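Asker: I'm passing along query-v7.cif; it holds mmCIF, C-alpha atoms.
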```cif
data_target
loop_
_atom_site.label_atom_id
_atom_site.label_comp_id
_atom_site.auth_asym_id
_atom_site.auth_seq_id
_atom_site.Cartn_x
_atom_site.Cartn_y
_atom_site.Cartn_z
CA MET A 1 0.00 0.00 0.00
CA SER A 2 1.49 3.37 -0.97
CA ASN A 3 0.74 6.97 -0.13
CA LEU A 4 0.88 9.26 -3.13
CA ASP A 5 3.40 12.10 -3.02
CA SER A 6 4.87 10.83 0.24
CA ILE A 7 8.25 9.61 1.42
CA PHE A 8 6.38 6.95 3.40
CA GLU A 9 5.24 3.60 2.06
CA VAL A 10 2.96 1.25 3.96
CA VAL A 11 3.42 -2.52 3.80
CA ASP A 12 0.06 -3.98 4.76
CA HIS A 13 -0.01 -7.23 6.74
CA SER A 14 -3.75 -7.34 7.43
CA ASP A 15 -4.02 -10.53 5.36
CA LEU A 16 -1.69 -12.42 7.72
CA GLN A 17 -2.74 -14.40 10.79
CA ARG A 18 -2.76 -11.65 13.42
CA ALA A 19 -3.55 -13.91 16.39
CA GLU A 20 -0.65 -16.22 15.62
CA ARG A 21 1.75 -13.31 15.09
CA ALA A 22 0.57 -11.57 18.27
CA ALA A 23 1.18 -14.80 20.19
CA GLN A 24 4.76 -14.95 18.89
CA LEU A 25 5.35 -11.33 19.92
CA TYR A 26 3.82 -12.12 23.33
CA GLU A 27 6.48 -14.77 23.87
CA LEU A 28 9.16 -12.22 23.01
CA GLY A 29 7.85 -9.79 25.66
CA PHE A 30 5.39 -7.59 23.70
CA THR A 31 2.29 -8.61 25.62
CA TRP A 32 -0.02 -5.73 24.80
CA ALA A 33 -0.63 -6.06 21.05
CA ASP A 34 -4.28 -5.73 22.08
CA LEU A 35 -5.45 -3.53 24.95
CA GLU A 36 -8.95 -3.83 26.40
CA ASN A 37 -10.14 -5.70 23.30
CA GLU A 38 -8.81 -2.96 21.02
CA GLU A 39 -5.97 -3.33 18.54
CA TYR A 40 -2.96 -1.39 19.80
CA TRP A 41 -0.57 -2.90 17.26
CA LEU A 42 -1.33 -2.13 13.62
CA ASP A 43 0.05 -5.14 11.76
CA GLY A 44 2.03 -3.53 8.99
CA ILE A 45 5.20 -1.57 8.39
CA VAL A 46 5.76 2.05 7.44
CA THR A 47 9.01 2.46 5.53
CA MET A 48 11.05 5.58 4.88
CA PRO A 49 13.99 6.16 2.53
CA SER A 50 17.45 5.58 4.01
CA GLU A 51 18.39 9.22 3.41
CA ILE A 52 15.48 10.39 5.59
CA TYR A 53 16.50 7.97 8.32
CA LYS A 54 20.08 9.24 8.16
CA GLU A 55 18.87 12.83 8.46
CA LEU A 56 16.71 11.88 11.46
CA GLU A 57 19.71 10.22 13.07
CA GLU A 58 21.95 13.23 12.41
CA ALA A 59 19.25 15.67 13.57
CA SER A 60 18.89 13.69 16.80
CA SER A 61 22.64 13.84 17.45
CA LYS A 62 22.77 17.58 16.79
CA LEU A 63 19.70 18.36 18.90
CA TRP A 64 20.95 16.12 21.71
CA ALA A 65 24.11 18.27 21.86
CA VAL A 66 22.11 21.52 21.67
CA LEU A 67 19.81 20.53 24.54
CA ASP A 68 22.73 19.23 26.61
CA LYS A 69 24.40 22.63 26.23
CA ALA A 70 21.19 24.41 27.22
CA VAL A 71 20.88 22.32 30.40
CA ARG A 72 24.46 23.17 31.38
CA TYR A 73 23.58 26.85 30.96
CA ILE A 74 20.44 26.50 33.12
CA HIS A 75 22.04 24.45 35.89
CA ARG A 76 22.09 26.27 39.24
CA LYS A 77 20.05 29.21 37.89
CA GLN A 78 16.89 28.99 39.95
CA ASP A 79 15.17 31.78 38.04
CA LEU A 80 15.45 29.59 34.94
CA TYR A 81 14.31 26.52 36.89
CA ASP A 82 11.18 28.51 37.65
CA LEU A 83 10.84 29.61 34.01
CA ILE A 84 10.80 26.02 32.74
CA GLY A 85 8.48 24.75 35.46
CA ILE A 86 10.87 22.76 37.66
CA PRO A 87 9.11 22.21 41.02
CA PRO A 88 10.97 23.95 43.89
CA VAL A 89 11.17 20.68 45.84
CA LEU A 90 13.79 19.58 43.30
CA TRP A 91 15.92 22.73 43.22
CA GLU A 92 18.28 21.81 46.05
CA MET A 93 18.72 18.31 44.62
CA LEU A 94 19.69 19.78 41.24
CA ASP A 95 21.96 22.48 42.65
CA GLU A 96 24.04 20.37 45.00
CA GLY A 97 25.30 17.76 42.56
CA GLU A 98 27.48 17.84 39.46
CA LEU A 99 25.99 17.26 36.04
CA PRO A 100 26.79 13.95 34.34
CA PRO A 101 29.33 13.90 31.50
CA GLU A 102 28.52 15.65 28.24
CA GLY A 103 25.78 13.87 26.31
CA LEU A 104 24.85 11.62 29.23
CA ILE A 105 22.51 13.74 31.35
CA SER A 106 19.95 11.08 30.43
CA ARG A 107 21.03 7.63 29.29
CA TYR A 108 17.52 6.56 28.25
CA ALA A 109 15.48 9.07 26.26
CA ARG A 110 13.25 9.46 23.20
CA PHE A 111 12.77 12.33 20.78
CA ASP A 112 9.36 12.74 19.14
CA PHE A 113 9.45 14.15 15.61
CA ALA A 114 6.87 15.31 13.11
CA VAL A 115 8.08 14.22 9.68
CA ALA A 116 5.90 15.58 6.89
CA ASN A 117 5.10 13.59 3.76
CA ASP A 118 7.71 15.66 1.88
CA GLY A 119 10.40 14.68 4.41
CA THR A 120 10.50 17.91 6.43
CA ILE A 121 11.64 17.08 9.97
CA LYS A 122 10.62 19.06 13.06
CA LEU A 123 11.18 18.24 16.73
CA LEU A 124 8.03 18.22 18.83
CA GLU A 125 9.49 17.25 22.21
CA LEU A 126 11.95 15.14 24.13
CA ASN A 127 11.06 12.60 26.81
CA ALA A 128 14.37 12.35 28.66
CA ASP A 129 13.00 11.03 31.95
CA THR A 130 10.56 8.12 31.60
CA PRO A 131 10.03 7.21 27.92
CA THR A 132 7.98 4.12 27.09
CA GLY A 133 7.74 2.40 23.72
CA TYR A 134 11.00 0.54 24.35
CA VAL A 135 9.48 -2.91 23.87
CA GLU A 136 7.72 -1.86 20.68
CA ALA A 137 10.96 -0.39 19.31
CA SER A 138 13.59 -2.88 20.53
CA ILE A 139 11.66 -6.16 20.35
CA ALA A 140 8.56 -5.88 18.15
CA THR A 141 9.87 -3.62 15.37
CA PRO A 142 13.00 -5.68 14.50
CA TRP A 143 10.96 -8.91 14.53
CA ILE A 144 8.22 -7.47 12.30
CA CYS A 145 10.77 -6.03 9.88
CA ARG A 146 12.76 -9.29 9.70
CA GLU A 147 9.59 -11.22 8.92
CA ALA A 148 9.00 -8.90 5.95
CA GLY A 149 12.62 -8.73 4.79
CA ILE A 150 12.80 -5.00 5.54
CA SER A 151 15.77 -3.29 7.19
CA SER A 152 15.35 -2.12 10.79
CA SER A 153 17.53 0.52 12.41
CA ASN A 154 16.68 -0.76 15.89
CA ASP A 155 18.89 -3.82 16.25
CA GLN A 156 21.49 -2.10 18.44
CA MET A 157 19.09 -0.80 21.10
CA LYS A 158 19.71 -3.73 23.46
CA GLU A 159 23.48 -3.31 23.30
CA HIS A 160 23.27 0.42 24.04
CA LEU A 161 20.91 -0.25 26.96
CA ALA A 162 23.25 -2.87 28.41
CA ALA A 163 26.18 -0.44 28.12
CA ALA A 164 24.22 2.30 29.90
CA TRP A 165 23.10 0.11 32.79
CA ALA A 166 26.56 -1.41 33.13
CA VAL A 167 27.59 2.08 34.24
CA GLU A 168 24.52 2.94 36.32
CA GLN A 169 24.18 -0.50 37.96
CA PRO A 170 20.62 -0.17 39.32
CA ASP A 171 19.70 -2.75 41.94
CA THR A 172 15.96 -2.13 41.48
CA ALA A 173 13.59 -1.22 38.65
CA ALA A 174 10.16 0.17 39.49
CA CYS A 175 6.92 1.37 38.00
CA VAL A 176 3.46 2.09 39.35
CA ALA A 177 1.25 -1.02 39.42
CA TYR A 178 4.07 -3.41 38.56
CA GLY A 179 2.57 -6.75 37.61
CA SER A 180 -0.79 -5.33 36.57
CA HIS A 181 -0.03 -2.37 34.28
CA GLN A 182 0.92 -4.26 31.13
CA GLU A 183 2.87 -1.59 29.28
CA ASP A 184 4.95 -0.21 32.15
CA SER A 185 5.57 -3.64 33.69
CA GLY A 186 6.57 -5.09 30.34
CA THR A 187 8.85 -2.12 29.69
CA ILE A 188 10.89 -2.50 32.86
CA ASP A 189 10.94 -6.29 32.48
CA ALA A 190 12.49 -5.86 29.02
CA LEU A 191 14.97 -3.24 30.21
CA VAL A 192 16.09 -5.51 33.05
CA ARG A 193 16.38 -8.52 30.72
CA HIS A 194 18.42 -6.57 28.16
CA SER A 195 20.70 -5.16 30.85
CA GLY A 196 21.93 -8.61 31.78
CA LEU A 197 22.02 -7.54 35.44
CA ASN A 198 20.42 -9.05 38.53
CA ILE A 199 17.77 -6.39 39.18
CA ARG A 200 14.59 -6.72 41.21
CA CYS A 201 11.34 -5.24 39.83
CA VAL A 202 8.91 -3.64 42.28
CA ASP A 203 5.76 -1.53 42.47
CA CYS A 204 6.42 2.14 43.27
CA LEU A 205 3.37 2.08 45.54
CA ASP A 206 5.04 -0.54 47.75
CA LEU A 207 8.07 1.66 48.47
CA TRP A 208 8.49 3.63 51.67
CA VAL A 209 11.12 5.94 53.12
CA ASP A 210 12.62 5.47 56.60
CA GLU A 211 14.70 8.52 57.62
CA GLY A 212 15.98 8.96 54.09
CA VAL A 213 16.42 5.26 53.35
CA VAL A 214 14.15 3.82 50.64
CA LYS A 215 12.83 0.32 51.26
CA ASP A 216 10.50 -2.07 49.45
CA SER A 217 7.58 -4.06 50.90
CA GLU A 218 10.00 -6.64 52.33
CA ASP A 219 12.16 -3.97 54.02
CA ARG A 220 14.94 -4.47 51.50
CA VAL A 221 17.06 -1.30 51.22
CA ILE A 222 17.12 0.24 47.74
CA GLU A 223 20.21 2.26 46.87
CA ARG A 224 20.20 2.48 43.06
CA MET A 225 16.85 2.56 41.27
CA PHE A 226 15.57 2.96 37.75
CA ALA A 227 11.96 4.11 37.94
CA LEU A 228 9.26 4.87 35.40
CA TYR A 229 8.18 7.58 37.81
CA PRO A 230 8.08 11.18 36.54
CA LYS A 231 10.29 13.25 38.82
CA GLU A 232 7.97 16.26 38.76
CA TRP A 233 5.43 14.18 40.69
CA MET A 234 7.63 14.47 43.78
CA ALA A 235 6.06 17.92 44.06
CA VAL A 236 2.50 16.61 44.31
CA ASP A 237 2.61 12.99 45.51
CA GLU A 238 2.25 12.04 49.15
CA GLY A 239 5.74 11.02 50.18
CA GLY A 240 7.35 13.01 47.36
CA ASP A 241 9.27 15.19 49.83
CA ALA A 242 10.67 12.09 51.53
CA LEU A 243 11.79 10.61 48.22
CA ALA A 244 13.45 13.90 47.26
CA TYR A 245 15.22 13.94 50.63
CA ALA A 246 16.54 10.41 50.05
CA VAL A 247 18.06 11.57 46.75
CA GLU A 248 19.40 14.85 48.19
CA THR A 249 21.21 13.04 50.99
CA GLY A 250 22.77 10.50 48.65
CA ARG A 251 20.97 7.50 50.14
CA LEU A 252 19.24 6.84 46.81
CA GLN A 253 20.64 7.13 43.29
CA LEU A 254 17.89 7.57 40.72
CA PHE A 255 18.10 6.68 37.03
CA ASN A 256 17.58 8.50 34.85
CA THR A 257 19.42 11.05 37.00
CA PRO A 258 17.46 13.93 38.55
CA TYR A 259 19.03 16.23 35.93
CA SER A 260 16.97 14.50 33.26
CA ILE A 261 14.03 16.64 34.39
CA LEU A 262 15.86 19.68 32.98
CA LEU A 263 15.92 17.95 29.60
CA GLN A 264 12.37 16.68 30.07
CA SER A 265 10.74 20.07 30.53
CA LYS A 266 9.20 21.33 27.31
CA GLY A 267 10.15 24.77 28.60
CA LEU A 268 13.74 23.95 27.66
CA LEU A 269 12.77 24.29 23.99
CA ALA A 270 11.52 27.81 24.74
CA VAL A 271 14.92 28.59 26.29
CA VAL A 272 16.70 27.18 23.24
CA TRP A 273 14.53 29.16 20.84
CA GLY A 274 14.91 32.34 22.88
CA MET A 275 18.69 31.98 22.90
CA TYR A 276 18.62 31.34 19.16
CA GLU A 277 16.59 34.50 18.51
CA LEU A 278 18.90 36.56 20.72
CA GLY A 279 22.04 35.13 19.13
CA LEU A 280 23.32 33.80 22.46
CA LEU A 281 25.02 30.61 23.65
CA PHE A 282 25.03 28.58 20.42
CA ASP A 283 27.68 28.47 17.71
CA GLU A 284 26.99 28.61 13.96
CA LYS A 285 26.50 24.87 13.47
CA GLU A 286 24.21 24.64 16.50
CA ARG A 287 22.19 27.58 15.19
CA GLU A 288 21.82 25.80 11.85
CA ALA A 289 20.45 22.74 13.62
CA ILE A 290 18.02 24.85 15.65
CA ALA A 291 16.81 26.71 12.55
CA SER A 292 16.31 23.44 10.68
CA TYR A 293 14.65 21.28 13.29
CA VAL A 294 13.36 23.27 16.29
CA LEU A 295 9.92 24.86 16.17
CA PRO A 296 9.45 28.40 17.49
CA THR A 297 8.50 27.86 21.14
CA TYR A 298 7.58 30.46 23.77
CA ASN A 299 6.24 30.81 27.31
CA LYS A 300 3.35 32.91 26.02
CA PRO A 301 0.89 32.52 23.10
CA ILE A 302 2.35 35.25 20.88
CA PHE A 303 1.74 33.54 17.53
CA SER A 304 -0.07 35.18 14.66
CA GLY A 305 -0.62 31.77 13.01
CA SER A 306 -1.59 28.30 14.20
CA PHE A 307 0.08 26.95 17.32
CA VAL A 308 -0.01 24.28 20.02
CA SER A 309 -0.19 24.70 23.78
CA LYS A 310 0.92 21.97 26.17
CA SER A 311 2.00 21.52 29.75
CA MET A 312 5.74 21.59 30.32
CA PHE A 313 5.32 18.16 31.86
CA GLY A 314 2.44 16.78 29.83
CA ARG A 315 2.69 13.13 28.81
CA GLU A 316 0.90 10.90 26.31
CA GLY A 317 -0.83 13.88 24.71
CA GLY A 318 -2.34 15.08 27.99
CA SER A 319 -2.91 18.87 28.08
CA VAL A 320 -2.30 19.36 24.32
CA ARG A 321 -4.48 21.96 22.62
CA LEU A 322 -4.30 22.87 18.91
CA PHE A 323 -5.23 26.37 17.76
CA ASP A 324 -6.03 27.32 14.17
CA SER A 325 -4.64 30.19 12.09
CA ASN A 326 -7.11 32.58 13.74
CA GLY A 327 -6.01 31.59 17.25
CA ALA A 328 -9.25 29.69 17.94
CA LEU A 329 -9.18 26.34 19.73
CA GLU A 330 -9.47 23.61 17.10
CA ILE A 331 -9.03 20.41 19.09
CA GLN A 332 -7.80 19.32 22.52
CA ASP A 333 -6.83 16.04 24.10
CA GLU A 334 -9.70 14.46 26.01
CA ASP A 335 -8.04 11.25 27.19
CA GLY A 336 -4.74 12.07 28.92
CA TYR A 337 -4.35 13.77 32.28
CA ASP A 338 -4.24 17.57 31.93
CA SER A 339 -1.13 18.44 33.94
CA SER A 340 -1.39 22.11 32.91
CA GLU A 341 -3.43 22.45 36.11
CA LEU A 342 -0.20 21.76 38.02
CA PHE A 343 2.61 23.00 35.76
CA PRO A 344 3.01 25.97 33.39
CA SER A 345 2.49 25.63 29.63
CA VAL A 346 4.54 26.30 26.53
CA TYR A 347 3.31 27.48 23.15
CA GLN A 348 4.81 26.02 19.99
CA LYS A 349 4.29 26.57 16.29
CA ARG A 350 2.32 23.75 14.72
CA ALA A 351 4.18 21.28 12.53
CA GLU A 352 2.90 19.11 9.71
CA MET A 353 2.86 15.40 10.44
CA GLY A 354 3.04 12.66 7.86
CA ARG A 355 -0.21 10.94 6.94
CA ILE A 356 -0.43 7.25 6.15
CA GLN A 357 -3.21 5.14 4.69
CA THR A 358 -3.59 1.69 6.23
CA SER A 359 -6.22 -1.03 6.07
CA ASN A 360 -7.47 0.37 9.41
CA GLY A 361 -7.90 3.87 7.95
CA GLU A 362 -5.88 7.05 7.61
CA PHE A 363 -3.61 8.19 10.45
CA HIS A 364 -1.14 10.89 11.33
CA LEU A 365 2.31 9.44 11.99
CA LEU A 366 4.50 10.39 14.95
CA ILE A 367 8.10 9.21 14.77
CA GLY A 368 10.11 8.57 17.91
CA MET A 369 13.90 8.25 17.98
CA PHE A 370 15.40 6.66 21.08
CA VAL A 371 18.69 8.02 22.39
CA ILE A 372 20.30 5.39 24.64
CA ASN A 373 23.69 5.91 26.27
CA GLY A 374 24.00 9.06 24.16
CA LYS A 375 23.41 7.28 20.82
CA PRO A 376 20.36 7.71 18.53
CA CYS A 377 19.49 4.10 17.92
CA GLY A 378 15.85 3.16 17.45
CA LEU A 379 12.66 4.24 15.71
CA LEU A 380 9.19 4.09 17.26
CA GLY A 381 6.12 4.57 15.09
CA ARG A 382 2.80 5.71 16.47
CA ALA A 383 -0.32 6.26 14.40
CA GLY A 384 -3.14 8.47 15.62
CA GLY A 385 -4.98 11.72 15.17
CA LEU A 386 -3.73 15.28 15.16
CA ILE A 387 -2.83 14.73 18.83
CA THR A 388 -0.86 11.56 19.53
CA GLY A 389 -2.24 10.48 22.88
CA ASN A 390 -3.26 7.36 24.77
CA ALA A 391 -5.52 6.28 21.92
CA SER A 392 -2.68 6.15 19.40
CA GLN A 393 -1.52 2.81 18.01
CA PHE A 394 1.88 1.26 17.42
CA ILE A 395 3.10 0.59 13.88
CA ALA A 396 6.57 -0.66 13.01
CA LEU A 397 8.97 1.62 11.15
CA GLY A 398 11.49 0.28 8.67
CA VAL A 399 14.11 1.73 6.32
CA ARG A 400 14.29 1.07 2.60
#
```
For the file at hand, write its structure as structure tokens.

Answerer:
Amino acid sequence: MSNLDSIFEVVDHSDLQRAERAAQLYELGFTWADLENEEYWLDGIVTMPSEIYKELEEASSKLWAVLDKAVRYIHRKQDLYDLIGIPPVLWEMLDEGELPPEGLISRYARFDFAVANDGTIKLLELNADTPTGYVEASIATPWICREAGISSSNDQMKEHLAAAWAVEQPDTAACVAYGSHQEDSGTIDALVRHSGLNIRCVDCLDLWVDEGVVKDSEDRVIERMFALYPKEWMAVDEGGDALAYAVETGRLQLFNTPYSILLQSKGLLAVVWGMYELGLLFDEKEREAIASYVLPTYNKPIFSGSFVSKSMFGREGGSVRLFDSNGALEIQDEDGYDSSELFPSVYQKRAEMGRIQTSNGEFHLLIGMFVINGKPCGLLGRAGGLITGNASQFIALGVR
């Protein structure tokens, strides 16, 4: 199946035995091909030309360096922490420590790009704290592509993850509702398996803090933990202060590091764009990357054309609102949690997303690029509406 006048081509697999294929993926660790009797996995492959993939990879490397530089500028400037929405409970934690080495503020992150049908690439956001989609990208996508004889760029994800965790050495991996939340549980199970380390998986809700020492439900002391737990929630969750204290006092090492929240904030893109407009901080090559791939982003809705508003810590489409060329609200996310009630918003120029035609209908395509241990290394395809939220579906991405 092809899309006219598009860099994308769709290989349709709807004629294959979905149940049998889903069962094989289940055995590999992708256990949520169907969620609540709805198809989450679209059985097909979207392919892009190798030159577009190479540009995505290069853009990711350049933007990773740009954002790393911006974080180093922001570090220990509490007025800028406030500007990008960092909760004050985290300020002391961020100020007292030293930033990780260049390019390694987060060792497990994912860019989200809008790639138009003509190949124009624009960065929408970076999830540098708690990205999901790892199983879909590292396990399902290579398997689906191999079955079809299509090249996958994702084969090295496991090796990069193992190299990252060999340095961080977590003793525990955690998520909320471990054992019952399929996606998050499956994600940390896969990360632990690919790390090759002896790591215990636990439910965040079973953890407690005893005078700065974090313990699990069996009173086992946790010293080094990877957690699919957004760090900004320490500002609002019961026990968040105690967890922050455990990190501040060095009794708990968190991965990704606390500094990943500086990369995570969508307000960082407003800082980058502001510095670009003022001609500050960035050199000529960095400015070229910003001009090519970063969308104009501000702390206020000053656009004369169409734009997007979203919480600085919105996730899975929650809080996203799209405004038309007249500044009128066109559509807003109705499914995700609207965290703009808790954190400030940013305003970003709208970007054109690719559109694909599948046997399930027409979708907008969001392209994720994982950055693991500082290396862009894996594509994640999600098909949905104008806002890619909880209702979006996974589709494999390949390179031709």

Asker: What's the separation between CA of Gly378 (chain A) and CA of Glu102 (chain A), in Å to one decimal place?

Answerer: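 Taking CA of Gly378 (chain A) and CA of Glu102 (chain A), their separation equals 20.8 Å.
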
Asker: Using the chain letters and numbers from the file, which residues does the PyMOL selection byres ((chain A and resi 50) around 10) grab, as a PyMOL selection string?

Answerer: chain A and resi 47-49+51-56+151+153+398-400

Asker: If you keep C-alpha atoms, can you produce a file of those selected residues as a JSON list (two decimals), keeping the file's coordinate frame?

Answerer:
```
[["chain", "number", "residue", "atom", "x", "y", "z"],
["A", 47, "THR", "CA", 9.01, 2.46, 5.53],
["A", 48, "MET", "CA", 11.05, 5.58, 4.88],
["A", 49, "PRO", "CA", 13.99, 6.16, 2.53],
["A", 51, "GLU", "CA", 18.39, 9.22, 3.41],
["A", 52, "ILE", "CA", 15.48, 10.39, 5.59],
["A", 53, "TYR", "CA", 16.50, 7.97, 8.32],
["A", 54, "LYS", "CA", 20.08, 9.24, 8.16],
["A", 55, "GLU", "CA", 18.87, 12.83, 8.46],
["A", 56, "LEU", "CA", 16.71, 11.88, 11.46],
["A", 151, "SER", "CA", 15.77, -3.29, 7.19],
["A", 153, "SER", "CA", 17.53, 0.52, 12.41],
["A", 398, "GLY", "CA", 11.49, 0.28, 8.67],
["A", 399, "VAL", "CA", 14.11, 1.73, 6.32],
["A", 400, "ARG", "CA", 14.29, 1.07, 2.60]]
```

Asker: Which residue, A:Leu365, A:Ile74, A:Val236, A:Met93, has the smallest gap to Ser392 (chain A) when you use only C-alpha atoms?

Answerer: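 Comparing A:Leu365, A:Ile74, A:Val236, A:Met93 against Ser392 (chain A), the winner is A:Leu365.
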
Asker: Please return, as a short mmCIF file (atom, residue, chain, number, x, y, z; two decimals) with C-alpha atoms, keeping the file's coordinate frame, all polymer residues that have at least one atom within 9 Å of the point (17.2, 9.2, 22.0); use only C-alpha atoms and the file's own coordinate frame.

Answerer:
```
data_model
loop_
_atom_site.label_atom_id
_atom_site.label_comp_id
_atom_site.auth_asym_id
_atom_site.auth_seq_id
_atom_site.Cartn_x
_atom_site.Cartn_y
_atom_site.Cartn_z
CA SER A 60 18.89 13.69 16.80
CA SER A 61 22.64 13.84 17.45
CA TRP A 64 20.95 16.12 21.71
CA ARG A 107 21.03 7.63 29.29
CA TYR A 108 17.52 6.56 28.25
CA ALA A 109 15.48 9.07 26.26
CA ARG A 110 13.25 9.46 23.20
CA PHE A 111 12.77 12.33 20.78
CA LEU A 126 11.95 15.14 24.13
CA ASN A 127 11.06 12.60 26.81
CA ALA A 128 14.37 12.35 28.66
CA GLY A 368 10.11 8.57 17.91
CA MET A 369 13.90 8.25 17.98
CA PHE A 370 15.40 6.66 21.08
CA VAL A 371 18.69 8.02 22.39
CA ILE A 372 20.30 5.39 24.64
CA ASN A 373 23.69 5.91 26.27
CA GLY A 374 24.00 9.06 24.16
CA LYS A 375 23.41 7.28 20.82
CA PRO A 376 20.36 7.71 18.53
CA CYS A 377 19.49 4.10 17.92
CA GLY A 378 15.85 3.16 17.45
#
```

Asker: Given the file shown, determine the residues that the PyMOL selection byres ((chain A and resi 328) around 12) selects; report them as a compact mmCIF listing (two decimals) with C-alpha atoms, keeping the file's coordinate frame.

Answerer:
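Below you can see result.txt, which holds the result:
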```
# COMPACT_ATOMS: atom_id res chain seq x y z
CA PRO A 301 0.89 32.52 23.10
CA PHE A 303 1.74 33.54 17.53
CA SER A 304 -0.07 35.18 14.66
CA GLY A 305 -0.62 31.77 13.01
CA SER A 306 -1.59 28.30 14.20
CA PHE A 307 0.08 26.95 17.32
CA VAL A 308 -0.01 24.28 20.02
CA SER A 309 -0.19 24.70 23.78
CA ARG A 321 -4.48 21.96 22.62
CA LEU A 322 -4.30 22.87 18.91
CA PHE A 323 -5.23 26.37 17.76
CA ASP A 324 -6.03 27.32 14.17
CA SER A 325 -4.64 30.19 12.09
CA ASN A 326 -7.11 32.58 13.74
CA GLY A 327 -6.01 31.59 17.25
CA LEU A 329 -9.18 26.34 19.73
CA GLU A 330 -9.47 23.61 17.10
CA ILE A 331 -9.03 20.41 19.09
CA GLN A 332 -7.80 19.32 22.52
```

Asker: For Gly361 (chain A), list every protein, DNA or RNA residue within 12 Å, evaluated using all atoms listed in the file, and leave out those in the same chain fewer than 4 positions away; present the list as a ChimeraX atom specification.

Answerer: /A:1,10,12,14,42,355-357,383-385,393

Asker: For the file shown, what are the residues hit by the PyMOL selection byres ((chain A and resi 182) around 12), laid out as a PDB file with C-alpha atoms, in the coordinates of the input?

Answerer:
```
ATOM      1  CA  TYR A  26       3.820 -12.120  23.330  1.00  0.00           C
ATOM      2  CA  GLY A  29       7.850  -9.790  25.660  1.00  0.00           C
ATOM      3  CA  PHE A  30       5.390  -7.590  23.700  1.00  0.00           C
ATOM      4  CA  THR A  31       2.290  -8.610  25.620  1.00  0.00           C
ATOM      5  CA  TRP A  32      -0.020  -5.730  24.800  1.00  0.00           C
ATOM      6  CA  ALA A  33      -0.630  -6.060  21.050  1.00  0.00           C
ATOM      7  CA  ASP A  34      -4.280  -5.730  22.080  1.00  0.00           C
ATOM      8  CA  LEU A  35      -5.450  -3.530  24.950  1.00  0.00           C
ATOM      9  CA  GLU A  36      -8.950  -3.830  26.400  1.00  0.00           C
ATOM     10  CA  THR A 132       7.980   4.120  27.090  1.00  0.00           C
ATOM     11  CA  VAL A 135       9.480  -2.910  23.870  1.00  0.00           C
ATOM     12  CA  CYS A 175       6.920   1.370  38.000  1.00  0.00           C
ATOM     13  CA  VAL A 176       3.460   2.090  39.350  1.00  0.00           C
ATOM     14  CA  ALA A 177       1.250  -1.020  39.420  1.00  0.00           C
ATOM     15  CA  TYR A 178       4.070  -3.410  38.560  1.00  0.00           C
ATOM     16  CA  GLY A 179       2.570  -6.750  37.610  1.00  0.00           C
ATOM     17  CA  SER A 180      -0.790  -5.330  36.570  1.00  0.00           C
ATOM     18  CA  HIS A 181      -0.030  -2.370  34.280  1.00  0.00           C
ATOM     19  CA  GLU A 183       2.870  -1.590  29.280  1.00  0.00           C
ATOM     20  CA  ASP A 184       4.950  -0.210  32.150  1.00  0.00           C
ATOM     21  CA  SER A 185       5.570  -3.640  33.690  1.00  0.00           C
ATOM     22  CA  GLY A 186       6.570  -5.090  30.340  1.00  0.00           C
ATOM     23  CA  THR A 187       8.850  -2.120  29.690  1.00  0.00           C
ATOM     24  CA  ILE A 188      10.890  -2.500  32.860  1.00  0.00           C
ATOM     25  CA  ASP A 189      10.940  -6.290  32.480  1.00  0.00           C
ATOM     26  CA  ALA A 190      12.490  -5.860  29.020  1.00  0.00           C
TER      27      ALA A 190
END
```

Asker: Could you check which of A:Val346, A:Leu63, A:Ala289, A:Leu28 is closest to Gly314 (chain A), using only C-alpha atoms?

Answerer: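 For Gly314 (chain A), the nearest of the given residues is A:Val346.
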
Asker: Give the answer as one residue: which of A:Asn198, A:Ile222, A:Asn154, A:Ile144 has the shortest atom-to-atom distance to Ala174 (chain A), using only C-alpha atoms?

Answerer: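 Going through A:Asn198, A:Ile222, A:Asn154, A:Ile144 one by one, the smallest distance to Ala174 (chain A) is for A:Ile222.
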
Asker: Quick one: distance from CA of Thr172 (chain A) to CA of Gly97 (chain A) in Å, one decimal?

Answerer: 22.0 Å

Asker: Hey, what's within 8 Å of Asn299 (chain A) if we count all atoms listed in the file and toss same-chain stuff fewer than 4 positions away? As a list in words, please?

Answerer: Gly267, Ala270, Ser345, Val346 and Tyr347 of chain A

Asker: Within 9 Å of region 251-264 of chain A, counting all atoms listed in the file, which residues show up once you throw out same-chain ones fewer than 6 positions away? Write them as a ChimeraX atom specification, please.

Answerer: /A:67-68,70-71,74-75,81,84,86,90,93-94,99-100,105-109,125-130,168,170,212-214,222-227,230-232,243,245,312-313

Asker: Go through A:Cys204, A:Val320, A:Leu104, A:Ala114 and flag the residue nearest Ile367 (chain A), using all atoms listed in the file for the distances.

Answerer: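 When distances to Ile367 (chain A) are compared using all atoms listed in the file, the smallest one comes from A:Ala114.
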
Asker: Please provide as a list of chain:residue names all residues within 6 Å of Lys122 (chain A), with the sequence filter that same-chain residues fewer than 4 positions apart are discarded (counting only C-alpha atoms).

Answerer: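 Everything that qualifies: A:Phe113, A:Ala114, A:Tyr293, A:Val294.
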
Asker: Please produce an output containing C-alpha atoms for each residue in the selection, written as a compact mmCIF listing (two decimals), in the frame of the given file.

Answerer:
```
# COMPACT_ATOMS: atom_id res chain seq x y z
CA PHE A 113 9.45 14.15 15.61
CA ALA A 114 6.87 15.31 13.11
CA TYR A 293 14.65 21.28 13.29
CA VAL A 294 13.36 23.27 16.29
```

Asker: Hey, can you check how far CA of Trp208 (chain A) sits from CA of Arg315 (chain A)?

Answerer: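 Interatomic distance, CA of Trp208 (chain A) to CA of Arg315 (chain A): 25.4 Å.
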